[in-house]
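Heads up: the structure comes next, in structure tokens.
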Amino acid sequence: MDIPRWVFFVFLLDLLCTPCLSSDSSLSSNGSPGLPQKLLDFAKSRDFSEWMIGIRRKIHENPELGYEEFETSKLIRSELDKMGIRYTHPLAVTGVLGFIGTGKPPFVALRADMDALLLQEMVEWEHKSKVPGKMHACGHDAHVAMLLGAAKILREHQEEIRGTVVLVFQPAEEGGGGAKKMIDAGALENVDAIFGLHVAPHLPVSVVASRPGPLLAGSGFFEAVISGKGGHAAIPQHSIDPILAASSVVVSLQHLISREADPLDSQVVTVAKFQGGGAYNVIPDSVTIGGTFRAFSKESFMHLKQRIEEVVTKQAAVQRCHATVHFFSEEKPFFPPTINDDYLHEHFKKVAGELLGPSNINDMQPMMGSEDFSFYQELIPGYFFFLGIGFDTGEHYESGHSPYFKINEDGLPYGSALHASLAIRYLLDQQQKFLSVEGGRRDEL
């Protein structure tokens with residue numbers, strides 16, 4: 001069969017141009033020269049950092065609990081409108097999903113949680129919580145400010161984005177499983193990978209910490225009501241004492257860890273709630289206990305759940321009491337373990353190394369804390385890390401969930417620049433992979 005010469009010419013031109021594209025992309029796969037540092041310099045500029053600090057302080061003054069973040073969500077949408085960033089709302093009651101870039105694949109997500117805690121703030125400063133009994137004591141106000149900061153950086157450097165960055169503003173991380181509801185609402189549609197961070201007061205500014213593989217434990221909550229028969233404390237033989245039964249239960253639950261769990265398979269059971277009785281000389285009818293349990297594998301976690309129920313009910317029966325156990329799987333969904341993707345860990349080290357310097361990247365041991373970011377990681381590759389916001393004055397730092405918790409706002413530019421750099425470089429790397437595959441296919445032809 002005769003083939004026109006122009007067909008050969010077009011085919012030859014295609015073969016010649018493909019390596020050129022790959023070569024150019026190879027150069028750009030590292031981003032523009034010094035891109036991470038360029039983004040950090042932008043984030044550290046006076047106007048930008050003051051704007052971001054202002055956002056954080058507004059949110060800090062007006063803390064809202066899970067699924068009640070209406071004003072926080074409104075503020076986020078207002079800032080996205082000012083930037084000209086497209087978004088969808090609401091997801092999971094108060095959630096917001098923003099989009100920056102081409103609107104086409106590949107897609108990478110950046111996540112921030114929005115909710116506060118039921119705590120009375122004890123830090124005396126100009127921007128103390130104005131809502132009695134509520135406080136941003138875990139840094140979610142800073143998380144939102146840094147993701148909005150990343151949004152502004154990405155918008156100003158949109159020419160660097162080779163795909164789409166999805167901004168996930170999520171409600172109800174503090175036990176409410178907001179990530180799961182965001183997923184159910186379609187937050188991860190088309191997304192290839194996701195990054196998230198958490199502020200760390202024990203780390204100085206410009207230092208980050210993480211690890212590949214298991215980082216944080218899976219967690220759940222339980223509550224047990226142990227019922228007996230109340231009566232006068234002077235004649236206990238006429239009563240069935242639920243306080244004694246509950247005390248036996250608390251001690252026996254600790255044996256699940258010390259005598260049943262593999263010492264190399266970290267697990268925790270903590271009873272943090274014990275309520276019963278209201279008088280010195282009255283044995284109550286019932287006692288309520290509650291707490292949390294943690295493990296790094298799903299198998300260990302579910303076995304621990306089963307054994308907690310068995311120990312509570314059977315130890316109560318030994319003391320002639322009746323017990324019921326509730327795990328609140330609907331109101332407070334079990335969090336899976338937070339497990340960092342190995343490839344994304346290497347990506348994180350490369351980008352953070354350029355931005356902060358290799359010496360400022362700490363390898364950390366797994367922790368028994370938990371994060372509902374893990375729900376995202378069950379579906380797609382994800383990476384979670386800790387960002388230093390500690391003070392360099394040598395003063396004692398307060399951990400998260402403390403009424404004295406505070407952060408060094410000098411750390412905010414580092415978080416926003418790192419968010420933006422991780423996203424831009426990930427998309428560039430994915431584009432390079434795509435071009436390499438396409439080039440390989442053409443070589444085979």
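Chain labels A, B, ... are given in the sequence in which chains occur in the structure tokens; within each chain residues are numbered consecutively from 1, and ligands are likewise numbered from 1 in the order shown.
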Do a neighbour search on Glu330 of chain A at 12 Å with only C-alpha atoms, toss out local chain neighbours closer than 5 positions, and write the hits as a ChimeraX atom specification.
/A:175-178,180-181,220-221,335
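Residues of segment 147-212 of chain A that DSSP places in strand (DSSP E), based on the backbone of this structure, are Thr164, Val165, Val166, Leu167, Val168, Phe169, Gln170, Ala193, Ile194, Phe195, Gly196, Leu197, His198, Val199, Ala200, Pro201, His202, Leu203, Pro204, Val208, Ala209 and Ser210 of chain A.
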Extract, using only C-alpha atoms, all DNA, RNA and protein residues at most 12 Å from Thr324 of chain A, discarding same-chain residues fewer than 3 positions from it, and format them as a short mmCIF file (atom, residue, chain, number, x, y, z; two decimals) with N, CA and C atoms, in the first residue's frame.
data_model
loop_
_atom_site.label_atom_id
_atom_site.label_comp_id
_atom_site.auth_asym_id
_atom_site.auth_seq_id
_atom_site.Cartn_x
_atom_site.Cartn_y
_atom_site.Cartn_z
N PHE A 222 -14.88 4.69 74.17
CA PHE A 222 -15.87 3.79 74.76
C PHE A 222 -16.44 4.41 76.02
N GLU A 223 -17.65 4.00 76.36
CA GLU A 223 -18.27 4.39 77.62
C GLU A 223 -19.06 3.20 78.14
N ALA A 224 -18.96 2.94 79.44
CA ALA A 224 -19.65 1.81 80.05
C ALA A 224 -20.47 2.29 81.24
N VAL A 225 -21.68 1.79 81.34
CA VAL A 225 -22.53 2.05 82.50
C VAL A 225 -22.62 0.76 83.30
N ILE A 226 -22.14 0.83 84.53
CA ILE A 226 -22.12 -0.35 85.40
C ILE A 226 -23.19 -0.14 86.48
N SER A 227 -24.20 -1.01 86.47
CA SER A 227 -25.36 -0.84 87.34
C SER A 227 -25.37 -1.87 88.47
N ALA A 246 -16.71 -1.09 89.18
CA ALA A 246 -16.05 -0.23 88.19
C ALA A 246 -14.55 -0.15 88.47
N SER A 286 -25.48 3.35 90.06
CA SER A 286 -24.68 3.05 88.87
C SER A 286 -23.45 3.94 88.81
N VAL A 287 -22.49 3.52 88.02
CA VAL A 287 -21.25 4.26 87.76
C VAL A 287 -21.03 4.28 86.25
N THR A 288 -20.57 5.40 85.75
CA THR A 288 -20.22 5.51 84.33
C THR A 288 -18.72 5.72 84.19
N ILE A 289 -18.09 4.89 83.37
CA ILE A 289 -16.67 5.07 83.06
C ILE A 289 -16.52 5.22 81.55
N GLY A 290 -15.44 5.83 81.12
CA GLY A 290 -15.21 5.99 79.69
C GLY A 290 -13.76 6.28 79.41
N ILE A 308 -12.24 -5.17 75.39
CA ILE A 308 -12.75 -4.16 76.31
C ILE A 308 -14.19 -4.49 76.70
N GLU A 309 -14.99 -4.84 75.73
CA GLU A 309 -16.39 -5.17 76.02
C GLU A 309 -16.49 -6.41 76.91
N GLU A 310 -15.67 -7.42 76.62
CA GLU A 310 -15.69 -8.64 77.43
C GLU A 310 -15.27 -8.37 78.88
N VAL A 311 -14.19 -7.63 79.05
CA VAL A 311 -13.68 -7.37 80.40
C VAL A 311 -14.69 -6.56 81.22
N VAL A 312 -15.27 -5.53 80.59
CA VAL A 312 -16.22 -4.68 81.32
C VAL A 312 -17.42 -5.49 81.78
N THR A 313 -18.03 -6.22 80.86
CA THR A 313 -19.27 -6.94 81.21
C THR A 313 -19.01 -8.08 82.18
N LYS A 314 -17.91 -8.80 82.00
CA LYS A 314 -17.67 -9.98 82.85
C LYS A 314 -17.11 -9.61 84.22
N GLN A 315 -16.27 -8.59 84.27
CA GLN A 315 -15.79 -8.14 85.58
C GLN A 315 -16.94 -7.55 86.40
N ALA A 316 -17.85 -6.85 85.73
CA ALA A 316 -19.01 -6.33 86.44
C ALA A 316 -19.87 -7.48 86.97
N ALA A 317 -20.00 -8.54 86.18
CA ALA A 317 -20.80 -9.69 86.62
C ALA A 317 -20.20 -10.37 87.84
N CYS A 321 -22.93 -7.08 89.30
CA CYS A 321 -23.46 -5.91 88.60
C CYS A 321 -23.74 -6.23 87.14
N PHE A 327 -19.63 2.22 72.03
CA PHE A 327 -18.39 2.66 71.35
C PHE A 327 -18.61 3.88 70.45
#
Surrounding residues of Ser210 of chain A excluding itself and chain neighbours under 2 positions, 9 Å, only C-alpha atoms, as a short mmCIF file (atom, residue, chain, number, x, y, z; two decimals) with C-alpha atoms, in the first residue's frame:
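Just written: around_21.cif:
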data_model
loop_
_atom_site.label_atom_id
_atom_site.label_comp_id
_atom_site.auth_asym_id
_atom_site.auth_seq_id
_atom_site.Cartn_x
_atom_site.Cartn_y
_atom_site.Cartn_z
CA VAL A 208 9.53 19.78 60.47
CA PRO A 212 7.26 6.99 56.29
CA LEU A 215 2.89 7.74 62.13
CA ASN A 340 2.42 7.85 55.35
CA HIS A 345 7.88 10.71 52.08
CA ILE A 361 13.92 17.68 58.76
CA ASN A 362 13.54 15.40 61.79
CA ASP A 363 12.74 11.71 61.68
CA MET A 364 10.22 11.00 64.41
CA GLN A 365 8.97 7.91 66.20
CA PRO A 366 5.33 6.86 65.82
CA TYR A 383 1.38 12.34 53.75
CA PHE A 384 1.09 14.02 57.16
CA PHE A 385 3.83 15.97 58.92
CA PHE A 386 4.45 18.24 61.91
#
Tell me which protein, DNA and RNA residues are within 10 Å of Ala185 of chain A, counting only C-alpha atoms, leaving out same-chain ones fewer than 4 positions away, and put them as a ChimeraX atom specification.
/A:90-93,95,179-181,189
I need the residues from that last selection saved to file as an mmCIF file, in the first residue's frame (with N, CA and C atoms), if you can.
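Result file selection15.cif:
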data_model
loop_
_atom_site.group_PDB
_atom_site.id
_atom_site.type_symbol
_atom_site.label_atom_id
_atom_site.label_comp_id
_atom_site.auth_asym_id
_atom_site.auth_seq_id
_atom_site.Cartn_x
_atom_site.Cartn_y
_atom_site.Cartn_z
ATOM 1 N N PRO A 90 -21.806 23.934 50.560
ATOM 2 C CA PRO A 90 -21.096 23.274 51.667
ATOM 3 C C PRO A 90 -20.861 21.793 51.386
ATOM 4 N N LEU A 91 -19.809 21.264 51.988
ATOM 5 C CA LEU A 91 -19.577 19.827 52.065
ATOM 6 C C LEU A 91 -19.478 19.483 53.546
ATOM 7 N N ALA A 92 -20.114 18.392 53.959
ATOM 8 C CA ALA A 92 -20.065 17.980 55.366
ATOM 9 C C ALA A 92 -20.451 19.134 56.288
ATOM 10 N N VAL A 93 -21.530 19.809 55.958
ATOM 11 C CA VAL A 93 -22.137 20.901 56.721
ATOM 12 C C VAL A 93 -21.415 22.233 56.507
ATOM 13 N N GLY A 95 -17.863 22.406 55.365
ATOM 14 C CA GLY A 95 -16.627 22.253 54.606
ATOM 15 C C GLY A 95 -16.614 23.063 53.318
ATOM 16 N N ALA A 179 -13.326 14.224 58.181
ATOM 17 C CA ALA A 179 -12.681 13.753 56.943
ATOM 18 C C ALA A 179 -13.541 12.717 56.238
ATOM 19 N N LYS A 180 -14.129 11.824 57.011
ATOM 20 C CA LYS A 180 -14.977 10.771 56.426
ATOM 21 C C LYS A 180 -16.186 11.379 55.713
ATOM 22 N N LYS A 181 -16.785 12.400 56.335
ATOM 23 C CA LYS A 181 -17.941 13.035 55.705
ATOM 24 C C LYS A 181 -17.534 13.859 54.482
ATOM 25 N N GLU A 189 -12.622 13.302 44.826
ATOM 26 C CA GLU A 189 -12.895 12.921 43.445
ATOM 27 C C GLU A 189 -11.761 13.384 42.521
#
Just asking: which residues within segment 63-131 of chain A are helix (DSSP H, G or I) according to DSSP, as a JSON list (two decimals) with C-alpha atoms, in the first residue's frame?
[["chain", "number", "residue", "atom", "x", "y", "z"],
["A", 70, "PHE", "CA", -20.16, 28.54, 60.07],
["A", 71, "GLU", "CA", -18.32, 31.83, 60.61],
["A", 72, "THR", "CA", -14.93, 30.21, 59.96],
["A", 73, "SER", "CA", -16.29, 28.77, 56.71],
["A", 74, "LYS", "CA", -17.72, 32.17, 55.78],
["A", 75, "LEU", "CA", -14.33, 33.82, 56.37],
["A", 76, "ILE", "CA", -12.59, 31.20, 54.21],
["A", 77, "ARG", "CA", -15.04, 31.72, 51.35],
["A", 78, "SER", "CA", -14.66, 35.48, 51.61],
["A", 79, "GLU", "CA", -10.88, 35.21, 51.27],
["A", 80, "LEU", "CA", -11.16, 32.77, 48.35],
["A", 81, "ASP", "CA", -13.57, 35.18, 46.64],
["A", 82, "LYS", "CA", -11.03, 38.00, 47.02],
["A", 83, "MET", "CA", -8.38, 35.79, 45.40]]
Nearest to Gly230 of chain A among A:Ala142, A:Ile389, A:Ala172, A:Ala279, with distances taken over only C-alpha atoms: which residue is it?
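Distance minimum relative to Gly230 of chain A lands on A:Ala279.
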The distance between atom CA of Trp51 of chain A and atom CA of Val168 of chain A is 20.4 Å
Let me make sure I understand: among A:Glu124, A:Asp192, A:Asp285, A:Glu68, which one has the smallest atom-to-atom distance to Val166 of chain A if we use only C-alpha atoms?
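Among A:Glu124, A:Asp192, A:Asp285, A:Glu68, it is A:Asp192 that comes nearest to Val166 of chain A.
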Pick out the closest residue to Pro336 of chain A from this set: A:Ser421, A:Ser297, A:Ser247, A:Gln319. Count only C-alpha atoms.
A:Ser297
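Across the model, the gap from atom CA of Met367 of chain A to atom CA of Gly415 of chain A is 21.2 Å.
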Residues within 9 Å of Leu117 of chain A, please, as a list of chain:residue names. Count only C-alpha atoms; anything in the same chain fewer than 6 positions from it doesn't count.
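So the residues in contact are A:Pro63, A:Glu64, A:Leu65, A:Gly66, A:Gly133, A:Lys134, A:Met135, A:His136, A:Ala137, A:Cys138, A:Glu174, A:His401.
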With a distance cut-off of 12 Å and only C-alpha atoms, select the neighbouring residues of Lys128 of chain A, excluding the residue or stretch itself and same-chain residues fewer than 5 positions from it, and output the selection as a ChimeraX atom specification.
/A:56-63,120-123,133-137,403-406
Given only C-alpha atoms as the counted atoms, nearest of A:Gly196, A:Gly231, A:Pro358, A:Gly163 to Lys104 of chain A:
A:Gly163
